[in-house]
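Below is one structure; the comments refer to it alone.
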Amino acid sequence: IGRSVIYYDEVDSTNNAAKRIARESDDGTVVISRIQKSGRGRLGRPWISPDGGIWLSIIIKPKISLAHASRLTILAGITVTKIMRDMGVDAVIKWPNDVLINKKKVCGILTELNAEIEQIEYVIVGIGINANNEIGDFTEELRKNSTTLKQETGKPVNRVELVQDILSEFEQQYIRFNTQPFSSILDEWIELSDTLGKHVTIMTPTRMISGKAIAITENGSLIVRKADGISEEVIGGRCMYEI
Ligand code: BTN
């Protein structure tokens with residue numbers, strides 16, 4: 001991972017840039033940009049990406065089935081959360097793939113893939129971290145729910161070191177992913193996440209479901225037990241904790 005790194009001063013989105021070169025790129029190629037002009041978040045939302053943050057995408061060419069692709073998002077969440085904890089901040093994973101510090105979002109992950117008939121050609125794991133960027137110009141709603149590493153640690157972080165740490169940890173996780181049963185990775189996710197056991201409301205484009213988050217499946221879906229006692233599996237969506 002990161003043996004080949006492509007750096008932009010400005011780009012539309014590192015996920016887009018990665019997609020443009022993915023076919024001819026080696027497994028593990030990384031695209032980074034200082035600024036993204038049209039950074040993308042999950043569920044079609046924009047992702048504000050000013051100078052000071054970390055905006056990167058990793059191109060992966062895994063030998064896994066389409067059904068297991070979401071597991072790479074789980075790996076990325078574990079990676080970022082571990083590295084932040086090593087920095088001394090109390091980071092947790094919020095299902096499906098946000099990293100929070102003190103209940104505020106510090107990192108988002110957007111995984112996209114290209115596949116033909118069950119065969120994955122490449123996966124792009126996009127990681128966005130609010131590091132030293134100001135969130136003053138975020139919308140009110142975003143500002144309320146976001147934080148930065150600089151804010152949480154009280155000092156600017158060394159972004160080069162942080163990127164290096166993230167890429168080498170991701171590489172370790174990826175080696176583990178390729179050699180060990182996925183259940184061991186899930187166990188680590190469960191340890192680093194604060195979602196299980198909470199009462200959640202999840203909004204998907206087609207429905208809204210509320211209940212207690214009781215388990216995570218092998219592909220990262222959440223099992224939610226509703227008030228009527230029936231459990232449902234939710235693949236993704238916007239997750240809100242009930243307070
Ligand atoms: C989310 O929480 O909605 C996911 C945000 C993902 C943002 C990152 S920044 C690098 C990469 N390029 C993008 O356009 N998006 C991802």
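Identifiers for the structure tokens are assigned positionally: chains receive A, B, ... in sequence, residues are indexed from 1 per chain, and ligands are indexed from 1 in the order shown.
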For A:Thr147, find every residue with an atom within 10 Å (counting only C-alpha atoms), except residues of its own chain fewer than 4 positions away, and show them as a compact mmCIF listing (two decimals) with N, CA and C atoms, in the first residue's frame.
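Listing of out_9.txt after writing:
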```
# COMPACT_ATOMS: atom_id res chain seq x y z
N LEU A 100 -15.63 8.79 15.14
CA LEU A 100 -16.04 9.91 15.99
C LEU A 100 -15.05 10.10 17.14
N ILE A 101 -14.92 11.35 17.55
CA ILE A 101 -14.22 11.66 18.80
C ILE A 101 -15.19 12.53 19.60
N ASN A 102 -15.40 12.17 20.84
CA ASN A 102 -16.38 12.91 21.67
C ASN A 102 -17.69 13.13 20.93
N LYS A 103 -18.19 12.09 20.31
CA LYS A 103 -19.49 12.09 19.61
C LYS A 103 -19.50 12.93 18.34
N LYS A 104 -18.36 13.47 17.94
CA LYS A 104 -18.34 14.28 16.72
C LYS A 104 -17.49 13.62 15.65
N LYS A 105 -17.92 13.81 14.40
CA LYS A 105 -17.27 13.10 13.30
C LYS A 105 -15.92 13.73 12.94
N VAL A 106 -14.91 12.89 12.88
CA VAL A 106 -13.57 13.36 12.52
C VAL A 106 -13.13 12.74 11.19
N CYS A 107 -13.78 11.63 10.80
CA CYS A 107 -13.37 10.93 9.58
C CYS A 107 -14.55 10.24 8.93
N ILE A 129 -10.21 12.88 6.45
CA ILE A 129 -9.99 13.16 7.88
C ILE A 129 -9.89 14.66 8.12
N ASN A 130 -10.70 15.15 9.03
CA ASN A 130 -10.56 16.54 9.46
C ASN A 130 -9.36 16.58 10.39
N ALA A 131 -8.25 17.10 9.88
CA ALA A 131 -7.00 17.09 10.66
C ALA A 131 -6.72 18.49 11.18
N ASN A 133 -7.67 21.25 9.34
CA ASN A 133 -8.57 22.20 8.65
C ASN A 133 -9.53 22.86 9.64
N GLU A 134 -9.97 24.05 9.27
CA GLU A 134 -10.96 24.76 10.10
C GLU A 134 -12.34 24.27 9.69
N ILE A 135 -13.22 24.17 10.66
CA ILE A 135 -14.57 23.80 10.28
C ILE A 135 -15.52 24.99 10.39
N LEU A 142 -23.26 20.79 10.04
CA LEU A 142 -22.01 20.03 9.99
C LEU A 142 -21.08 20.42 11.14
N ARG A 143 -21.06 21.72 11.41
CA ARG A 143 -20.17 22.22 12.45
C ARG A 143 -20.51 21.61 13.81
N GLN A 151 -8.45 20.26 16.87
CA GLN A 151 -9.31 20.67 17.98
C GLN A 151 -9.22 19.71 19.15
N GLU A 152 -9.20 18.43 18.84
CA GLU A 152 -9.24 17.42 19.90
C GLU A 152 -7.92 17.26 20.63
```
**OP:** Output the neighbourhood of ligand 1 as number ranges by chain, that is, all protein and nucleic acid residues with some atom at most 10 Å from the ligand, counting only C-alpha atoms and all ligand atoms.
**Re:** A: 11-18, 31-33, 35-49, 53-58, 96-99, 105-112, 124-130, 238
Subject >> Nearest residue to A:Met84 from the set A:Val163, A:Ile21, A:Leu72, A:Ile185 (distances using only C-alpha atoms) >> reply: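 Among the listed residues, A:Val163 lies closest to A:Met84.
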**OP:** Find the residues near stretch 203-214 of chain A: any atom within 6 Å, counting only C-alpha atoms, skip ones fewer than 3 places away on the same chain, and give them as a count of residues only.
**Re:** 11
Original post:
So which residues touch A:Ile59 within 8 Å, counting only C-alpha atoms, skipping near sequence neighbours fewer than 6 positions away, as a VMD selection string?
Top reply: chain A and resid 18 22 25 to 30 122 to 125
Original post:
For A:Leu149, which residue out of A:Met87, A:Phe182, A:Asp9, A:Ile166 is the nearest one, using only C-alpha atoms?
Top reply: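 Nearest candidate to A:Leu149 out of A:Met87, A:Phe182, A:Asp9, A:Ile166: A:Met87.
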**OP:** Using only C-alpha atoms, pick whichever of A:Leu167, A:Ile78, A:Ile120, A:Leu66 has the shortest atom-to-atom distance to A:Gly2.
**Re:**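 Using only C-alpha atoms, A:Gly2 sits closest to A:Leu167.
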**OP:** Have a look at atom CA of A:Asp187 and atom CA of A:Lys94 and let me know their distance in Å, one decimal.
**Re:**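 These atoms are spaced 14.8 Å apart.
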**OP:** Determine the nearest neighbour of A:Tyr174 from the options A:Ile83, A:Ser4, A:Lys63, A:Pro50, counting only C-alpha atoms.
**Re:**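 Looking only at the distances to A:Tyr174, the closest residue turns out to be A:Lys63.
Reported to one decimal place, the separation of atom CA of A:Thr139 from atom CA of A:Gly236 is 24.2 Å.
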**OP:** List every residue of stretch 30-178 of chain A that DSSP, applied to the backbone of this structure, places in helix (DSSP H, G or I), and write the result as a ChimeraX atom specification.
**Re:** /A:42-44,66-68,71-86,140-145,149-153,159-178
Given the selection you just returned, output its residues as a file containing C-alpha atoms, formatted as a CSV table (one decimal), in the first residue's frame.
```csv
chain,number,residue,atom,x,y,z
A,42,ARG,CA,-21.7,8.8,1.3
A,43,LEU,CA,-25.3,8.8,0.1
A,44,GLY,CA,-24.6,11.4,-2.5
A,66,LEU,CA,-18.5,-8.7,-4.8
A,67,ALA,CA,-20.4,-9.6,-1.7
A,68,HIS,CA,-17.4,-9.2,0.5
A,71,ARG,CA,-15.3,-5.6,4.3
A,72,LEU,CA,-12.6,-3.3,3.0
A,73,THR,CA,-14.6,-0.3,4.5
A,74,ILE,CA,-14.5,-2.1,7.8
A,75,LEU,CA,-10.7,-2.5,7.5
A,76,ALA,CA,-10.3,1.3,6.8
A,77,GLY,CA,-12.5,2.2,9.8
A,78,ILE,CA,-10.4,0.0,12.1
A,79,THR,CA,-7.2,1.4,10.6
A,80,VAL,CA,-8.1,5.1,11.2
A,81,THR,CA,-9.5,4.5,14.6
A,82,LYS,CA,-6.5,2.5,15.8
A,83,ILE,CA,-4.1,5.2,14.6
A,84,MET,CA,-6.1,7.9,16.3
A,85,ARG,CA,-6.1,6.0,19.6
A,86,ASP,CA,-2.3,5.7,19.2
A,140,GLU,CA,-24.1,25.0,11.0
A,141,GLU,CA,-25.4,21.4,11.0
A,142,LEU,CA,-22.0,20.0,10.0
A,143,ARG,CA,-20.2,22.2,12.4
A,144,LYS,CA,-22.3,20.9,15.3
A,145,ASN,CA,-21.5,17.3,14.4
A,149,LEU,CA,-7.8,16.3,15.2
A,150,LYS,CA,-6.3,19.7,15.8
A,151,GLN,CA,-9.3,20.7,18.0
A,152,GLU,CA,-9.2,17.4,19.9
A,153,THR,CA,-5.5,17.3,20.6
A,159,ARG,CA,-0.1,15.2,8.4
A,160,VAL,CA,2.7,13.4,6.6
A,161,GLU,CA,3.3,11.2,9.6
A,162,LEU,CA,-0.3,10.5,10.0
A,163,VAL,CA,-0.7,9.5,6.3
A,164,GLN,CA,2.3,7.2,6.6
A,165,ASP,CA,0.9,5.6,9.8
A,166,ILE,CA,-2.5,5.1,8.2
A,167,LEU,CA,-1.1,3.5,5.1
A,168,SER,CA,1.2,1.2,7.0
A,169,GLU,CA,-1.6,0.2,9.4
A,170,PHE,CA,-3.9,-0.4,6.4
A,171,GLU,CA,-1.3,-2.6,4.9
A,172,GLN,CA,-1.1,-4.7,8.1
A,173,GLN,CA,-4.8,-4.9,8.2
A,174,TYR,CA,-4.9,-5.9,4.5
A,175,ILE,CA,-2.4,-8.7,5.0
A,176,ARG,CA,-4.4,-9.9,7.9
A,177,PHE,CA,-7.5,-9.7,5.8
A,178,ASN,CA,-5.9,-11.9,3.2
```
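Comparing the minimum interatomic distances between A:Ile216 and each of A:Ile60, A:Ala115, A:Leu186, A:Met240, counting only C-alpha atoms, we find that A:Leu186 sits nearest.
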Based on the backbone DSSP call, show me all residues of stretch 22-172 of chain A assigned strand (DSSP E), as a JSON list (two decimals) with N, CA and C atoms, in the first residue's frame.
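The resulting out-v4.json:
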```json
[["chain", "number", "residue", "atom", "x", "y", "z"],
["A", 30, "VAL", "N", -1.96, 5.00, -4.15],
["A", 30, "VAL", "CA", -2.69, 5.97, -3.33],
["A", 30, "VAL", "C", -2.76, 7.32, -4.04],
["A", 31, "VAL", "N", -3.91, 7.94, -3.99],
["A", 31, "VAL", "CA", -4.10, 9.29, -4.55],
["A", 31, "VAL", "C", -4.41, 10.23, -3.39],
["A", 32, "ILE", "N", -3.65, 11.32, -3.30],
["A", 32, "ILE", "CA", -3.86, 12.28, -2.20],
["A", 32, "ILE", "C", -4.01, 13.68, -2.81],
["A", 33, "SER", "N", -4.84, 14.50, -2.21],
["A", 33, "SER", "CA", -4.90, 15.88, -2.67],
["A", 33, "SER", "C", -4.94, 16.85, -1.49],
["A", 34, "ARG", "N", -4.32, 18.01, -1.69],
["A", 34, "ARG", "CA", -4.34, 19.03, -0.63],
["A", 34, "ARG", "C", -5.76, 19.56, -0.46],
["A", 35, "ILE", "N", -6.42, 19.78, -1.60],
["A", 35, "ILE", "CA", -7.79, 20.30, -1.60],
["A", 35, "ILE", "C", -8.62, 19.47, -2.57],
["A", 36, "GLN", "N", -9.89, 19.23, -2.21],
["A", 36, "GLN", "CA", -10.81, 18.63, -3.18],
["A", 36, "GLN", "C", -11.87, 19.68, -3.51],
["A", 54, "ILE", "N", -7.01, 15.67, 5.48],
["A", 54, "ILE", "CA", -6.37, 14.57, 4.75],
["A", 54, "ILE", "C", -7.42, 13.96, 3.85],
["A", 55, "TRP", "N", -7.19, 14.04, 2.56],
["A", 55, "TRP", "CA", -8.15, 13.52, 1.58],
["A", 55, "TRP", "C", -7.41, 12.53, 0.70],
["A", 56, "LEU", "N", -7.66, 11.26, 0.89],
["A", 56, "LEU", "CA", -6.90, 10.29, 0.11],
["A", 56, "LEU", "C", -7.76, 9.10, -0.31],
["A", 57, "SER", "N", -7.33, 8.44, -1.36],
["A", 57, "SER", "CA", -8.02, 7.25, -1.85],
["A", 57, "SER", "C", -6.99, 6.16, -2.13],
["A", 58, "ILE", "N", -7.34, 4.94, -1.74],
["A", 58, "ILE", "CA", -6.45, 3.80, -1.98],
["A", 58, "ILE", "C", -7.10, 2.90, -3.03],
["A", 59, "ILE", "N", -6.34, 2.57, -4.06],
["A", 59, "ILE", "CA", -6.84, 1.66, -5.10],
["A", 59, "ILE", "C", -6.44, 0.24, -4.70],
["A", 60, "ILE", "N", -7.43, -0.63, -4.59],
["A", 60, "ILE", "CA", -7.13, -2.01, -4.19],
["A", 60, "ILE", "C", -7.70, -2.96, -5.23],
["A", 91, "ALA", "N", -11.01, 7.76, 19.93],
["A", 91, "ALA", "CA", -11.79, 7.62, 18.70],
["A", 91, "ALA", "C", -12.61, 6.33, 18.75],
["A", 92, "VAL", "N", -13.82, 6.39, 18.20],
["A", 92, "VAL", "CA", -14.66, 5.18, 18.10],
["A", 92, "VAL", "C", -15.27, 5.11, 16.70],
["A", 93, "ILE", "N", -15.61, 3.89, 16.30],
["A", 93, "ILE", "CA", -16.26, 3.72, 15.00],
["A", 93, "ILE", "C", -17.77, 3.76, 15.20],
["A", 94, "LYS", "N", -18.42, 4.57, 14.41],
["A", 94, "LYS", "CA", -19.88, 4.57, 14.41],
["A", 94, "LYS", "C", -20.33, 3.92, 13.11],
["A", 98, "ASP", "N", -18.19, 5.81, 10.10],
["A", 98, "ASP", "CA", -17.70, 7.11, 10.55],
["A", 98, "ASP", "C", -16.76, 6.88, 11.73],
["A", 99, "VAL", "N", -15.80, 7.77, 11.87],
["A", 99, "VAL", "CA", -14.98, 7.73, 13.08],
["A", 99, "VAL", "C", -15.30, 8.99, 13.88],
["A", 100, "LEU", "N", -15.63, 8.79, 15.14],
["A", 100, "LEU", "CA", -16.04, 9.91, 15.99],
["A", 100, "LEU", "C", -15.05, 10.10, 17.14],
["A", 101, "ILE", "N", -14.92, 11.35, 17.55],
["A", 101, "ILE", "CA", -14.22, 11.66, 18.80],
["A", 101, "ILE", "C", -15.19, 12.53, 19.60],
["A", 104, "LYS", "N", -18.36, 13.47, 17.94],
["A", 104, "LYS", "CA", -18.34, 14.28, 16.72],
["A", 104, "LYS", "C", -17.49, 13.62, 15.65],
["A", 105, "LYS", "N", -17.92, 13.81, 14.40],
["A", 105, "LYS", "CA", -17.27, 13.10, 13.30],
["A", 105, "LYS", "C", -15.92, 13.73, 12.94],
["A", 106, "VAL", "N", -14.91, 12.89, 12.88],
["A", 106, "VAL", "CA", -13.57, 13.36, 12.52],
["A", 106, "VAL", "C", -13.13, 12.74, 11.19],
["A", 107, "CYS", "N", -13.78, 11.63, 10.80],
["A", 107, "CYS", "CA", -13.37, 10.93, 9.58],
["A", 107, "CYS", "C", -14.55, 10.24, 8.93],
["A", 108, "GLY", "N", -14.59, 10.29, 7.60],
["A", 108, "GLY", "CA", -15.60, 9.56, 6.85],
["A", 108, "GLY", "C", -14.93, 8.70, 5.80],
["A", 109, "ILE", "N", -15.57, 7.60, 5.45],
["A", 109, "ILE", "CA", -14.98, 6.67, 4.48],
["A", 109, "ILE", "C", -15.99, 6.40, 3.38],
["A", 110, "LEU", "N", -15.54, 6.51, 2.15],
["A", 110, "LEU", "CA", -16.40, 6.25, 1.01],
["A", 110, "LEU", "C", -15.75, 5.20, 0.12],
["A", 111, "THR", "N", -16.33, 4.01, 0.10],
["A", 111, "THR", "CA", -15.77, 2.91, -0.68],
["A", 111, "THR", "C", -16.60, 2.74, -1.95],
["A", 112, "GLU", "N", -15.92, 2.69, -3.08],
["A", 112, "GLU", "CA", -16.62, 2.52, -4.35],
["A", 112, "GLU", "C", -15.91, 1.43, -5.14],
["A", 113, "LEU", "N", -16.65, 0.75, -6.00],
["A", 113, "LEU", "CA", -15.97, -0.31, -6.73],
["A", 113, "LEU", "C", -16.46, -0.45, -8.15],
["A", 114, "ASN", "N", -15.64, -1.13, -8.90],
["A", 114, "ASN", "CA", -16.00, -1.44, -10.27],
["A", 114, "ASN", "C", -15.93, -2.95, -10.42],
["A", 115, "ALA", "N", -17.03, -3.54, -10.84],
["A", 115, "ALA", "CA", -17.05, -5.00, -10.95],
["A", 115, "ALA", "C", -17.82, -5.39, -12.19],
["A", 116, "GLU", "N", -17.43, -6.55, -12.72],
["A", 116, "GLU", "CA", -18.17, -7.10, -13.85],
["A", 116, "GLU", "C", -18.58, -8.51, -13.49],
["A", 119, "GLN", "N", -17.15, -10.25, -10.47],
["A", 119, "GLN", "CA", -15.68, -10.21, -10.42],
["A", 119, "GLN", "C", -15.26, -8.76, -10.17],
["A", 120, "ILE", "N", -14.57, -8.52, -9.06],
["A", 120, "ILE", "CA", -14.16, -7.16, -8.75],
["A", 120, "ILE", "C", -12.94, -6.78, -9.58],
["A", 121, "GLU", "N", -13.03, -5.63, -10.25],
["A", 121, "GLU", "CA", -11.87, -5.17, -10.99],
["A", 121, "GLU", "C", -10.99, -4.33, -10.06],
["A", 122, "TYR", "N", -11.62, -3.40, -9.36],
["A", 122, "TYR", "CA", -10.89, -2.63, -8.35],
["A", 122, "TYR", "C", -11.86, -2.04, -7.34],
["A", 123, "VAL", "N", -11.31, -1.73, -6.18],
["A", 123, "VAL", "CA", -12.07, -1.05, -5.14],
["A", 123, "VAL", "C", -11.32, 0.22, -4.79],
["A", 124, "ILE", "N", -12.05, 1.31, -4.62],
["A", 124, "ILE", "CA", -11.43, 2.57, -4.20],
["A", 124, "ILE", "C", -11.90, 2.85, -2.77],
["A", 125, "VAL", "N", -10.95, 2.90, -1.85],
["A", 125, "VAL", "CA", -11.30, 3.23, -0.47],
["A", 125, "VAL", "C", -10.91, 4.68, -0.23],
["A", 126, "GLY", "N", -11.91, 5.54, -0.12],
["A", 126, "GLY", "CA", -11.66, 6.98, 0.07],
["A", 126, "GLY", "C", -11.77, 7.33, 1.55],
["A", 127, "ILE", "N", -10.73, 7.97, 2.06],
["A", 127, "ILE", "CA", -10.69, 8.32, 3.48],
["A", 127, "ILE", "C", -10.55, 9.83, 3.62],
["A", 128, "GLY", "N", -11.45, 10.45, 4.35],
["A", 128, "GLY", "CA", -11.37, 11.89, 4.59],
["A", 128, "GLY", "C", -11.25, 12.16, 6.07],
["A", 129, "ILE", "N", -10.21, 12.88, 6.45],
["A", 129, "ILE", "CA", -9.99, 13.16, 7.88],
["A", 129, "ILE", "C", -9.89, 14.66, 8.12]]
```
